[in-house]
Amino acid sequence: MDFFKDIVTKTQNILDNSNAPKKLSKDELLRQEFNLPETEKMVDESTAEITVSTKHLRSRLEKSGSRDGLESYSGRLTLTNNFMLFKDSYDNMACSFTIELLTIQKIQRVSRSYDFAIMLTTTNDVEIIIQFVGIKSQCERFGQSLTKLLKSSTTEVSRMSFFQMTLYSEYLLYKNNCSHLKIEGPPPGGLGWVFKFPGNSQKMNDRLKMKKWFDYFNENGRNFAMVRNIMFYKLVSYGLPNKLRGEIWETSCGSMYLRYFHEEEYNRLLVDYDGKTSLAIEEIEKDLNRSLPEYPAYQHDEGINRLRRVLTAYSWKNPEIGYCQAMNIVTAALLIYMSEEQVFWCLNVLCDRIIPGYYSRTMYGVLLDQKVFEGLLKKTIPMLSDHFAKHDIQLSIVSLPWFLSFYLNSMPLIYAFRIIDMLLLHGSKVLFQVALAILKTNGEQLMNCEDDGECIAVFKDYFTSLDEPEISLVNKDRMRTKFDNLWEVAFREFSVVDDKIVAQYRAKFKGEVFQGIEIFVKRAEIRNLPKTQNLNQEQLSNIYDRFYSVSTKENNSAPNKGSSTMDFESFEVFMSQLVDWVSLENRSDPEQTKFLSRLYMNWANDEDELTLESLVVGLNKLVERDIMNSLSNFIELYDTNKTGKISSEEVLQLAEDLIFITSPWRDGYLFDEITNKAIETEIAKRIFERKKLMKEQGIDTSDDEIKLPSEVRFNENKWRNKQSERYLSSGSNFLKLAFQYAQPEIDNDEPLIDLADESTDTETKNSEKLKHNKALDPSHPTYITASMFRMVILADVTYESFFTNIFWRSFHINEKVNEGNISVANNIRGMFNNFLADGRRVAIEVRKRMDDAAKNGATTTSTTNPNSTSDQQSIFTTKSRSQTLSSYNEDDDDDFGNFVSPGVDILNDVPTGGNDWEVLHTKKELDDERKLIEGMKSTSIS
Amino acid sequence: MTTKQTSVKLVLLGEAAVGKSSLVLRFVSNDFQENKEPTIGAAFLTQRCTIGSKTIKFEIWDTAGQERFANLAPLYYRNAQAALVVYDITKPASFIKARHWVKELHEQASKNIVIALVGNKFDLVVDEETGEEIEGKRSVSSEEGQNLADEEGLLFFETSAKTALNVNEVFMAIGSKIPDASSKGPEQRLGDSSSGSTSNRIDLNAPVDSAVGGGNCAC
């Protein structure tokens with residue numbers, strides 16, 4: 001079940017993040033824009049005008065007789081610790097570059113009188129003239145930063161040229177005498193070099209493509225010092241040539257920089273984790289033979305081993321993702337064009353940056369993008385979207401595999417690779433553009449589909465016929481395949497679907513998708529919990545929510561390890577929110593800590609931390625309502641050795657803990673059942689008297705109706721003190737009794753318990769003292785058993801009532817996490833008025849008195865008090881109370897002061913004697929009463 | 001095609017590599033492959049077969065078994081009239097997972113869903129020569145499976161996609177337990193009800209169609 005825990009923590013974190021979207025820093029934005037590694041930070045920036053030239057470019061321009069010469073671009077020039085970056089401000093694709101500083105060979109000032117300009121020459125002979133725009137001092141500073149960085153990095157030049165030997169572009173130019181970097185043989189590449197590349201390279205114009213790239217490299221540089229212009233994007237869109245594909249992929253997505261900066265990491269991971277196993281490793285092994293099995297390399301150890309190594313290394317590199325089915329297919333595909341190390345870093349960039357969350361444990365990324373896709377469809381092709389809705393066709397079912405495996409398991413490989421060319425360059429919007437184009441081009445057939453199955457059939461037919469000529473009226477003359485058409489629609493028509501729109505839609509659906517995942521995960525986890533008799537589904541759900549709200553919040557300080565267990569600190573928070581007798585303010589209170597530690601240790605069961613499961617099992621025992629079971633469960637907490645014998649030290653602690661958990665009642669923050677009952681009785685008495693008064697006045701009030709006052713006031717302290725006394729004496733009684741019946745460890749005789757005996761006889765009291773002392777004598781260890789414990793508790797009215805009525809109720813498992821925390825001392829007024837909220841019992845009490853009075857036919861003097869019958873207040877029918885608590889003799893109780901303060905109640909003929917007790921009605925009621933009485937007075941006079 | 005035809009949406013659920021896709025492949029194409037590509041998301045296949053007087057078109061959603069794909073399962077069992085919950089009789093963990101799936105379906109899927117519990121890979125516990133069960137090979141006994149099925153009101157079969165044991169029987173049993181199209185009433189999916197009945201829909205596009213054929217299937 002670790003899986004679920006991970007997920008829950010994850011989702012919680014994601015949700016937390018989504019609630020407060022983090023603003024990206026300038027550095028982060030820059031890294032995102034230029035696909036740079038995490039380590040890059042901005043050093044300086046400036047506005048500049050750039051002119052790029054190379055020998056080849058100049059000679060081509062000369063040949064073509066172009067008079068315009070070299071173009072210049074204006075944009076933002078940025079310097080980071082390892083790179084110089086530029087992007088044209090008006091058209092991103094017109095000119096941009098990412099130049100590794102190590103490739104800058106020469107830097108010189110261009111002598112122009114009117115401004116500040118420098119010329120850089122790279123190792124591959126690209127000349128870049130930078131003309132700074134702005135204040136001269138700033139430009140000077142930029143130049144100084146640049147020279148400083150260049151000087152500090154000169155020692156690493158050899159590393160750079162060594163790395164460049166792994167790049168096919170370098171080999172290509174060297175082979176054609178266009179480079180000084182000597183490279184023996186082609187660099188390590190993908191499986192395609194050995195097992196052939198998919199597709200017919202002649203048909204795909206591979207040679208021509210290669211030549212185009214060769215020219216491009218000559219004119220605009222390559223790999224670490226390359227300028228991207230519109231031609232670069234065109235060449236990628238045209239489809240990459242087999243042997244350069246891997247390198248352009250890693251240049252496009254920036255994984256080349258990671259490979260460069262972390263040269264040894266891939267091999268080190270393989271060595272470090274050699275022979276280690278994990279769930280991911282097991283899952284990978286299952287799928288190795290099932291990844292592009294039709295490609296010859298994967299019928300060979302060579303291919304399988306490469307696949308295993310890359311997937312394994314990645315699972316260790318990013319254990320949070322581990323391994324997700326579909327990664328095997330993607331990795332197997334990349335390995336055809338890239339070396340293992342190239343694929344490894346490319347996977348990193350894919351998972352971290354291009355398609356985050358696709359392969360995660362919850363797959364939230366790909367689920368979110370399906371929603372985004374449906375949203376985009378609704379916007380761009382509403383007719384189709386409506387049709388799907390009408391026929392209850394769930395598009396996401398069909399499209400999910402497209403997104404997850406970049407069309408590799410839907411389309412013929414050669415076409416899927418074309419899409420990957422674009423994906424690695426332009427990012428995830430490409431997946432949407434292609435998906436929308438697929439729907440658009442198949443719109444007519446799809447409009448005829450009436451269920452998911454028929455749609456799938458349409459797509460299947462379409463994908464297998466992508467190389468067939470497109471029959472369209474417009475382009476009858478041109479030989480154009482369905483795929484060409486798809487390409488056109490995807491990247492021309494749907495170019496409106498840009499990063500911004502995708503981001504907008506993602507933000508829009510994020511909450512919904514995450515919530516869905518959360519609900520699913522929660523359902524699964526609750527289902528997997530052991531059976532709990534005393535906790536229903538809803539209560540479990542509340543506990544679940546509280547558990548995660550507490551444990552993840554607390555985890556935020558330290559980056560979580562993906563575990564969702566609860567440490568003691570979180571447990572304190574959890575309990576303070578859940579139960580009446582724990583409060584965070586008392587965190588330093590040793591009694592609280594002691595008892596909570598006992599629960600924690602007991603529930604955690606030798607583990608360091610609490611899991612949801614152990615927490616639920618523990619709580620389930622404490623909220624037991626049956627008093628005998630409840631007491632057994634409670635005493636179990638003290639039976640640490642599971643011998644059934646609770647040692648005297650433990651009994652002492654038990655007594656202290658009882659005092660601790662009853663403290664809200666002992667301190668009078670909360671009233672217990674006995675006090676409540678007494679108060680209710682008193683309220684009932686008042687109401688009854690008032691009723692009687694009104695009857696005597698001759699105002700007929702129906703006997704079936706008992707009207708409750710809207711508010712009650714009384715002397716809290718008096719009640720509080722009474723209750724405190726009871727608890728204090730129960731606390732000491734408990735200890736007395738417990739030790740009286742404690743059994744010496746050596747003595748085998750069952751102790752005789754005679755409760756009736758003990759309280760009266762003075763002689764016993766003396767011997768009690770003796771036993772008490774003996775019990776604490778370490779040389780005579782004693783113990784009590786569970787049954788003794790039960791007996792002792794049941795012998796005490798207050799403690800008995802506590803375990804019968806209060807203890808299990810003190811766990812607020814019915815409260816949802818957002819409903820605020822339970823604060824004991826918060827609202828005493830509110831608590832007193834609970835008597836009225838639960839007015840039934842008061843009403844019953846009144847009824848009882850009325851019935852008694854009726855039997856006795858008693859009448860007394862009093863004023864009349866009419867009752868407005870139209871009032872919607874509670875109407876109760878009689879039901880005798882099944883249970884009465886006998887400790888308070890209600891008739892003897894004359895501590896309550898007297899009825900209604902004169903200032904509030906206008907009925908001045910009601911006897912008053914103090915203000916510690918008031919039964920208030922609303923002002924309106926009082927007014928009504930007054931009017932009625934006055935009315936009656938006047939009628940009786942007349 | 002004049003026989004009465006009912007479409008039945010069936011979903012396969014179960015732990016990774018218990019043989020869900022293989023069961024479907026056996027049922028739909030009477031074939032078996034050792035190394036099948038893992039299912040990404042889900043695969044969709046159809047198969048028709050005849051039971052008595054009615055023809056049933058199974059629309060089969062074969063789901064991915066990897067744990068993290070479980071998140072997606074609700075997409076597939078939505079509206080399903082039948083489900084195969086599959087486990088591997090040599091893998092106790094897969095039986096626990098099956099139990100979870102049954103619960104999930106009972107809680108979340110359509111009320112009248114017909115569920116069959118299927119313990120697959122029976123071939124692994126029998127001696128190839130004698131055909132007798134080898135002791136100690138299986139980890140989930142037939143009784144355990146049967147008990148779960150009885151508790152939850154499921155059909156129960158032990159199968160082998162490799163030897164074809166009981167594979168058709170599972171689908172046939174499900175087919176006979178599915179109420180007729182006419183009695184489906186409101187349970188029917190939107191798409192179906194709008195076209196009145198599924199019976200006269202001619203499906204030329206069905207991706208994998210009747211490789212076994214109706215009669216064959218009823219073996």
# chains A, B, ... in the order shown; residues from 1 in each chain; ligands from 1
$ residues_around --residues "Leu173 of chain A" --least-positions-apart "3" --cutoff "10 Å" --atoms "only C-alpha atoms" --output "PyMOL selection string"
chain A and resi 168-170+176-183+214-215+217-218+222
$ write_last_selection --atoms "C-alpha atoms" --output "mmCIF file, in the first residue's frame"
data_model
loop_
_atom_site.group_PDB
_atom_site.id
_atom_site.type_symbol
_atom_site.label_atom_id
_atom_site.label_comp_id
_atom_site.auth_asym_id
_atom_site.auth_seq_id
_atom_site.Cartn_x
_atom_site.Cartn_y
_atom_site.Cartn_z
ATOM 1 C CA TYR A 168 27.752 13.341 -35.200
ATOM 2 C CA SER A 169 27.756 16.894 -36.561
ATOM 3 C CA GLU A 170 31.438 17.208 -35.696
ATOM 4 C CA ASN A 176 34.052 16.534 -45.293
ATOM 5 C CA ASN A 177 37.157 18.519 -44.399
ATOM 6 C CA CYS A 178 35.244 21.330 -42.810
ATOM 7 C CA SER A 179 36.498 20.947 -39.266
ATOM 8 C CA HIS A 180 39.826 20.818 -37.478
ATOM 9 C CA LEU A 181 38.541 18.545 -34.747
ATOM 10 C CA LYS A 182 39.943 15.171 -35.588
ATOM 11 C CA ILE A 183 37.489 12.326 -35.009
ATOM 12 C CA PHE A 214 25.652 19.941 -43.499
ATOM 13 C CA ASP A 215 25.164 23.322 -45.140
ATOM 14 C CA PHE A 217 26.123 23.667 -39.808
ATOM 15 C CA ASN A 218 28.644 25.358 -42.034
ATOM 16 C CA ARG A 222 26.556 23.504 -34.734
#
$ interface_residues --of "chain A" --to "chain B" --cutoff "8 Å" --atoms "only C-alpha atoms" --output "number ranges by chain"
A: 286-287, 289-293, 324-326, 360-363, 390-392, 397, 400-401, 404, 450-451, 453-454, 456-458, 460, 517, 520-521, 524, 527-528
$ closest_residue --among "B:His106, B:Lys137, B:Gly19, B:Gln5" --to "Gly52 of chain B" --atoms "only C-alpha atoms"
B:Gln5
$ select_by_dssp --residues "segment 76-152 of chain A" --states "alpha helix (DSSP H)" --output "ChimeraX atom specification"
/A:136-152
$ write_last_selection --atoms "N, CA and C atoms" --output "PDB file, in the first residue's frame"
ATOM      1  N   LYS A 136      26.419  53.333 -22.233  1.00  0.00           N
ATOM      2  CA  LYS A 136      27.745  52.805 -22.513  1.00  0.00           C
ATOM      3  C   LYS A 136      28.332  52.059 -21.322  1.00  0.00           C
ATOM      4  N   SER A 137      28.106  52.597 -20.129  1.00  0.00           N
ATOM      5  CA  SER A 137      28.691  51.957 -18.947  1.00  0.00           C
ATOM      6  C   SER A 137      28.150  50.536 -18.788  1.00  0.00           C
ATOM      7  N   GLN A 138      26.860  50.370 -19.088  1.00  0.00           N
ATOM      8  CA  GLN A 138      26.261  49.045 -18.990  1.00  0.00           C
ATOM      9  C   GLN A 138      26.901  48.092 -19.990  1.00  0.00           C
ATOM     10  N   CYS A 139      27.087  48.595 -21.197  1.00  0.00           N
ATOM     11  CA  CYS A 139      27.689  47.764 -22.235  1.00  0.00           C
ATOM     12  C   CYS A 139      29.094  47.346 -21.831  1.00  0.00           C
ATOM     13  N   GLU A 140      29.816  48.316 -21.256  1.00  0.00           N
ATOM     14  CA  GLU A 140      31.168  48.019 -20.809  1.00  0.00           C
ATOM     15  C   GLU A 140      31.145  46.925 -19.751  1.00  0.00           C
ATOM     16  N   ARG A 141      30.171  47.049 -18.856  1.00  0.00           N
ATOM     17  CA  ARG A 141      30.082  46.076 -17.777  1.00  0.00           C
ATOM     18  C   ARG A 141      29.822  44.681 -18.339  1.00  0.00           C
ATOM     19  N   PHE A 142      28.927  44.616 -19.329  1.00  0.00           N
ATOM     20  CA  PHE A 142      28.611  43.336 -19.951  1.00  0.00           C
ATOM     21  C   PHE A 142      29.869  42.714 -20.550  1.00  0.00           C
ATOM     22  N   GLY A 143      30.627  43.572 -21.250  1.00  0.00           N
ATOM     23  CA  GLY A 143      31.861  43.103 -21.858  1.00  0.00           C
ATOM     24  C   GLY A 143      32.842  42.583 -20.822  1.00  0.00           C
ATOM     25  N   GLN A 144      32.903  43.302 -19.714  1.00  0.00           N
ATOM     26  CA  GLN A 144      33.826  42.881 -18.651  1.00  0.00           C
ATOM     27  C   GLN A 144      33.403  41.531 -18.058  1.00  0.00           C
ATOM     28  N   SER A 145      32.081  41.393 -17.796  1.00  0.00           N
ATOM     29  CA  SER A 145      31.590  40.122 -17.265  1.00  0.00           C
ATOM     30  C   SER A 145      31.951  38.986 -18.203  1.00  0.00           C
ATOM     31  N   LEU A 146      31.766  39.248 -19.472  1.00  0.00           N
ATOM     32  CA  LEU A 146      32.034  38.222 -20.468  1.00  0.00           C
ATOM     33  C   LEU A 146      33.491  37.804 -20.445  1.00  0.00           C
ATOM     34  N   THR A 147      34.401  38.786 -20.485  1.00  0.00           N
ATOM     35  CA  THR A 147      35.817  38.428 -20.489  1.00  0.00           C
ATOM     36  C   THR A 147      36.220  37.693 -19.215  1.00  0.00           C
ATOM     37  N   LYS A 148      35.623  38.127 -18.114  1.00  0.00           N
ATOM     38  CA  LYS A 148      35.930  37.476 -16.844  1.00  0.00           C
ATOM     39  C   LYS A 148      35.533  36.000 -16.890  1.00  0.00           C
ATOM     40  N   LEU A 149      34.302  35.754 -17.360  1.00  0.00           N
ATOM     41  CA  LEU A 149      33.820  34.375 -17.454  1.00  0.00           C
ATOM     42  C   LEU A 149      34.682  33.546 -18.398  1.00  0.00           C
ATOM     43  N   LEU A 150      35.058  34.171 -19.501  1.00  0.00           N
ATOM     44  CA  LEU A 150      35.855  33.447 -20.493  1.00  0.00           C
ATOM     45  C   LEU A 150      37.193  33.034 -19.911  1.00  0.00           C
ATOM     46  N   LYS A 151      37.825  33.955 -19.189  1.00  0.00           N
ATOM     47  CA  LYS A 151      39.132  33.657 -18.615  1.00  0.00           C
ATOM     48  C   LYS A 151      39.053  32.508 -17.614  1.00  0.00           C
ATOM     49  N   SER A 152      37.985  32.532 -16.803  1.00  0.00           N
ATOM     50  CA  SER A 152      37.895  31.536 -15.735  1.00  0.00           C
ATOM     51  C   SER A 152      37.634  30.133 -16.273  1.00  0.00           C
TER      52      SER A 152
END
$ select_by_dssp --residues "segment 27-137 of chain B" --states "strand (DSSP E or B)" --output "ChimeraX atom specification"
/B:42-51,54-63,82-88,114-120,126,133
$ atom_distance --atom1 "atom CA of Leu235 of chain A" --atom2 "atom CA of Asn35 of chain A"
19.7 Å
$ residues_around --residues "segment 116-121 of chain B" --least-positions-apart "4" --cutoff "10 Å" --atoms "only C-alpha atoms" --output "number ranges by chain"
B: 12-14, 18-20, 22-23, 82-91, 94-95, 98-99, 102, 125-126, 138, 140-142, 145-146, 148-149, 152-163, 165-167, 170-171, 173-174
$ residues_around --residues "Val573 of chain A" --least-positions-apart "2" --cutoff "10 Å" --atoms "only C-alpha atoms" --output "PyMOL selection string"
chain A and resi 546-547+550-551+554+568-571+575-578+582-584+587
$ write_last_selection --atoms "C-alpha atoms" --output "compact mmCIF listing (two decimals), in the first residue's frame"
# COMPACT_ATOMS: atom_id res chain seq x y z
CA ARG A 546 -7.36 15.04 8.76
CA PHE A 547 -4.48 12.59 8.67
CA VAL A 550 -1.81 17.23 9.17
CA SER A 551 0.97 14.98 7.93
CA GLU A 554 3.99 19.25 8.66
CA PHE A 568 4.78 12.33 16.78
CA GLU A 569 4.59 16.05 16.23
CA SER A 570 1.97 15.61 13.54
CA PHE A 571 0.16 13.19 15.78
CA MET A 575 -5.15 14.75 18.18
CA SER A 576 -5.47 18.38 19.18
CA GLN A 577 -7.84 18.83 16.26
CA LEU A 578 -9.75 15.66 16.97
CA VAL A 582 -5.56 17.53 23.75
CA SER A 583 -4.52 21.04 22.99
CA LEU A 584 -1.51 22.38 21.15
CA ARG A 587 2.40 20.82 24.03
$ residues_around --residues "Leu167 of chain A" --least-positions-apart "2" --cutoff "9 Å" --atoms "only C-alpha atoms" --output "PyMOL selection string"
chain A and resi 163-165+169-172+186-189+223+244+247
$ atom_distance --atom1 "atom CA of Glu374 of chain A" --atom2 "atom CA of Phe459 of chain A"
16.6 Å
$ decode --residues "segment 210-252 of chain A" --atoms "C-alpha atoms" --output "PDB file, in the first residue's frame"
ATOM      1  CA  MET A 210      21.787  15.340 -44.593  1.00  0.00           C
ATOM      2  CA  LYS A 211      23.217  17.730 -47.129  1.00  0.00           C
ATOM      3  CA  LYS A 212      20.882  20.472 -45.967  1.00  0.00           C
ATOM      4  CA  TRP A 213      22.029  20.045 -42.413  1.00  0.00           C
ATOM      5  CA  PHE A 214      25.652  19.941 -43.499  1.00  0.00           C
ATOM      6  CA  ASP A 215      25.164  23.322 -45.140  1.00  0.00           C
ATOM      7  CA  TYR A 216      23.302  24.624 -42.154  1.00  0.00           C
ATOM      8  CA  PHE A 217      26.123  23.667 -39.808  1.00  0.00           C
ATOM      9  CA  ASN A 218      28.644  25.358 -42.034  1.00  0.00           C
ATOM     10  CA  GLU A 219      26.702  28.544 -42.235  1.00  0.00           C
ATOM     11  CA  ASN A 220      25.258  28.775 -38.750  1.00  0.00           C
ATOM     12  CA  GLY A 221      27.482  26.690 -36.549  1.00  0.00           C
ATOM     13  CA  ARG A 222      26.556  23.504 -34.734  1.00  0.00           C
ATOM     14  CA  ASN A 223      25.930  21.916 -31.340  1.00  0.00           C
ATOM     15  CA  PHE A 224      27.443  24.166 -28.664  1.00  0.00           C
ATOM     16  CA  ALA A 225      27.822  27.181 -30.900  1.00  0.00           C
ATOM     17  CA  MET A 226      24.895  27.224 -33.218  1.00  0.00           C
ATOM     18  CA  VAL A 227      22.607  29.960 -34.374  1.00  0.00           C
ATOM     19  CA  ARG A 228      19.020  28.956 -34.940  1.00  0.00           C
ATOM     20  CA  ASN A 229      17.191  30.751 -37.682  1.00  0.00           C
ATOM     21  CA  ILE A 230      14.015  30.012 -39.546  1.00  0.00           C
ATOM     22  CA  MET A 231      15.846  27.448 -41.655  1.00  0.00           C
ATOM     23  CA  PHE A 232      16.603  25.398 -38.562  1.00  0.00           C
ATOM     24  CA  TYR A 233      12.897  25.089 -37.766  1.00  0.00           C
ATOM     25  CA  LYS A 234      12.107  24.257 -41.358  1.00  0.00           C
ATOM     26  CA  LEU A 235      14.696  21.523 -41.460  1.00  0.00           C
ATOM     27  CA  VAL A 236      13.334  19.953 -38.293  1.00  0.00           C
ATOM     28  CA  SER A 237       9.800  20.108 -39.611  1.00  0.00           C
ATOM     29  CA  TYR A 238      10.976  18.529 -42.838  1.00  0.00           C
ATOM     30  CA  GLY A 239      12.032  15.453 -40.877  1.00  0.00           C
ATOM     31  CA  LEU A 240      15.469  14.776 -39.462  1.00  0.00           C
ATOM     32  CA  PRO A 241      17.970  12.574 -41.267  1.00  0.00           C
ATOM     33  CA  ASN A 242      18.616   9.271 -39.512  1.00  0.00           C
ATOM     34  CA  LYS A 243      22.193   9.824 -38.428  1.00  0.00           C
ATOM     35  CA  LEU A 244      21.709  13.342 -37.168  1.00  0.00           C
ATOM     36  CA  ARG A 245      18.367  12.749 -35.546  1.00  0.00           C
ATOM     37  CA  GLY A 246      19.751  11.867 -32.121  1.00  0.00           C
ATOM     38  CA  GLU A 247      21.982  14.892 -31.950  1.00  0.00           C
ATOM     39  CA  ILE A 248      19.365  17.370 -33.136  1.00  0.00           C
ATOM     40  CA  TRP A 249      16.962  15.886 -30.616  1.00  0.00           C
ATOM     41  CA  GLU A 250      19.323  16.510 -27.751  1.00  0.00           C
ATOM     42  CA  THR A 251      20.217  19.941 -29.054  1.00  0.00           C
ATOM     43  CA  SER A 252      16.565  20.843 -29.488  1.00  0.00           C
TER      44      SER A 252
END
